[in-house]
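Okay, so here's the structure we're looking at.
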Amino acid sequence: MKKNIGSHLALYPMPVTVIGAMNGDKPTWTLVAHVGIIGHDRLLVSLAAPHFINGRIKETKKLSINLTDEKLLPKADYAGSVSGAKIDKSGLFAWETADNGAPVITESPLSIACTVEDIYITKGFESFICAIDATLVDEKYLNAAGKIDYRNLKPVLFEFPTYEYLKTGDVLGKCLSFKKQPEA
């Protein structure tokens with residue numbers, strides 16, 4: 001029997017990302033695990049309202065979403081532990097400017113340059129609805145067909161209730177490959 005444990009945010013684990021935005025002529029960064037897909041061409045980045053980077057995103061309407069792998073995790077973790085209002089985080093990562101003007105982390109295995117189309121506000125949070133302008137992937141993470149190979153990329157995941165980082169796991173099967181009616 002299932003037990004009702006109340007209203008809990010339980011859709012975890014989520015990919016660990018570093019969000020980038022320009023702060024004048026240099027970037028600022030923050031660690032975010034509240035990212036999501038809201039359509040085949042739109043993403044959502046949800047940030048606590050007091051974050052310094054929110055103002056920069058609202059000003060420029062551009063941001064980047066940078067996936068984190070194990071190698072990048074120490075820097076990503078640090079980016080989330082200090083405020084851009086107090087610490088200049090522009091030198092934390094090697095970066096380049098995407099065609100849309102958003103800063104992307106060159107050492108991230110996968111970066112998505114986005115344009116903010118809308119902001120959805122809830123109590124204490126600002127959620128940025130973004131159009132995907134470009135997806136930039138290190139070629140070593142592409143398979144022979146030119147598709148992203150997440151078994152090779154291995155993004156780090158974040159699990160909220162325990163505040164732990166997780167490794168991605170094994171492949172269980174292809175989507176829609178379990179076509180046989182399951183037993184009850």
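Chains: A, B, ... in order of the structure tokens. Residues: from 1 per chain. Ligands: from 1, in order shown.
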Within 7 Å of segment 100-108 of chain A: each segment 6-33 of chain A residue with its shortest pair, only C-alpha atoms, as JSON lines:
```
{"residue": "A:Gly20", "atom": "CA", "partner": "A:Pro103", "partner_atom": "CA", "distance": 5.8}
{"residue": "A:Ala21", "atom": "CA", "partner": "A:Ala102", "partner_atom": "CA", "distance": 5.9}
{"residue": "A:Met22", "atom": "CA", "partner": "A:Pro103", "partner_atom": "CA", "distance": 6.5}
{"residue": "A:Pro27", "atom": "CA", "partner": "A:Pro103", "partner_atom": "CA", "distance": 6.2}
```
Going by DSSP on the backbone, which bits of segment 68-123 of chain A are strand (DSSP E)? Write them as a PyMOL selection string, please. chain A and resi 95-97+103-105+110-122
Expected file contents, prior selection, C-alpha atoms, as a PDB file, in the first residue's frame:
```pdb
ATOM      1  CA  TRP A  95      33.919  29.895 -22.374  1.00  0.00           C
ATOM      2  CA  GLU A  96      32.956  31.198 -25.767  1.00  0.00           C
ATOM      3  CA  THR A  97      30.016  33.163 -27.082  1.00  0.00           C
ATOM      4  CA  PRO A 103      28.122  32.357 -22.979  1.00  0.00           C
ATOM      5  CA  VAL A 104      28.727  28.602 -23.270  1.00  0.00           C
ATOM      6  CA  ILE A 105      31.224  26.536 -21.278  1.00  0.00           C
ATOM      7  CA  LEU A 110      26.874  19.661 -24.248  1.00  0.00           C
ATOM      8  CA  SER A 111      25.649  23.254 -24.194  1.00  0.00           C
ATOM      9  CA  ILE A 112      22.321  24.679 -25.320  1.00  0.00           C
ATOM     10  CA  ALA A 113      22.121  28.360 -26.274  1.00  0.00           C
ATOM     11  CA  CYS A 114      18.653  29.752 -25.639  1.00  0.00           C
ATOM     12  CA  THR A 115      16.524  32.855 -26.023  1.00  0.00           C
ATOM     13  CA  VAL A 116      14.061  33.600 -23.237  1.00  0.00           C
ATOM     14  CA  GLU A 117      10.526  33.914 -24.595  1.00  0.00           C
ATOM     15  CA  ASP A 118       8.557  34.186 -21.349  1.00  0.00           C
ATOM     16  CA  ILE A 119       8.955  34.132 -17.583  1.00  0.00           C
ATOM     17  CA  TYR A 120       6.552  32.204 -15.393  1.00  0.00           C
ATOM     18  CA  ILE A 121       6.586  33.401 -11.785  1.00  0.00           C
ATOM     19  CA  THR A 122       5.601  31.256  -8.816  1.00  0.00           C
TER      20      THR A 122
END
```
Please provide as JSON, numbers by chain all residues within 10 Å of segment 83-88 of chain A, with the sequence filter that same-chain residues fewer than 4 positions apart are discarded (counting only C-alpha atoms). {"A": [23, 26, 27, 28, 29, 30, 50, 51, 52, 53, 78, 79, 92]}
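Pairwise distance (atom CA of Pro155 of chain A, atom CA of Leu67 of chain A) equals 6.5 Å.
Atom CA of Leu63 of chain A sits 9.8 Å away from atom CA of Ala98 of chain A.
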Could you name the residues that touch Tyr163 of chain A at 12 Å or less, counting only C-alpha atoms, but leaving out those on the same chain fewer than 3 positions away, as a PyMOL selection string? chain A and resi 12-14+16+33+77+157-160+166
If we count only C-alpha atoms, what is near Ile38 of chain A at a cut-off of 10 Å, once residues fewer than 6 positions away on the same chain are taken out, given as a list in words? Leu44, Ile129 and Cys130 of chain A
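The gap separating atom CA of His34 of chain A from atom CA of Ser127 of chain A is 9.1 Å, in Å to one decimal.
Distances here use only C-alpha atoms; by that measure, the residue among A:Lys2, A:Lys167, A:Lys71, A:Lys58 closest to Glu126 of chain A is A:Lys58.
Minimum atom-to-atom distance to Tyr165 of chain A, evaluated using only C-alpha atoms, belongs to A:Pro15 out of A:Pro109, A:Pro15, A:Gly55, A:Gly124.
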With DSSP run on the backbone, what are the alpha helix (DSSP H) residues within segment 17-179 of chain A? I'd like them as a tab-separated table (two decimals) with C-alpha atoms, in the first residue's frame.
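The result, written out as result.tsv:
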```tsv
chain	number	residue	atom	x	y	z
A	52	PHE	CA	21.90	37.26	-9.14
A	53	ILE	CA	21.88	35.64	-12.59
A	54	ASN	CA	18.10	36.15	-12.96
A	55	GLY	CA	18.55	39.88	-13.49
A	56	ARG	CA	21.19	39.26	-16.13
A	57	ILE	CA	18.92	36.79	-17.94
A	58	LYS	CA	15.99	39.23	-17.87
A	59	GLU	CA	18.25	41.99	-19.19
A	60	THR	CA	19.77	40.04	-22.10
A	73	LEU	CA	31.36	18.70	-11.37
A	74	PRO	CA	33.75	20.39	-8.87
A	75	LYS	CA	33.56	23.71	-10.75
A	76	ALA	CA	29.81	23.35	-11.28
A	77	ASP	CA	29.28	22.69	-7.58
A	78	TYR	CA	31.31	25.78	-6.69
A	79	ALA	CA	29.28	27.88	-9.17
A	80	GLY	CA	26.19	27.00	-7.15
A	81	SER	CA	27.74	27.65	-3.75
A	150	TYR	CA	24.42	9.72	-23.47
A	151	ARG	CA	25.97	6.36	-22.55
A	152	ASN	CA	29.29	7.92	-23.50
A	153	LEU	CA	28.54	11.48	-22.32
```
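Proximity to Leu72 of chain A was assessed for A:Leu31, A:Val171, A:Met1, A:Leu142 counting only C-alpha atoms; the smallest distance is recorded for A:Leu31.
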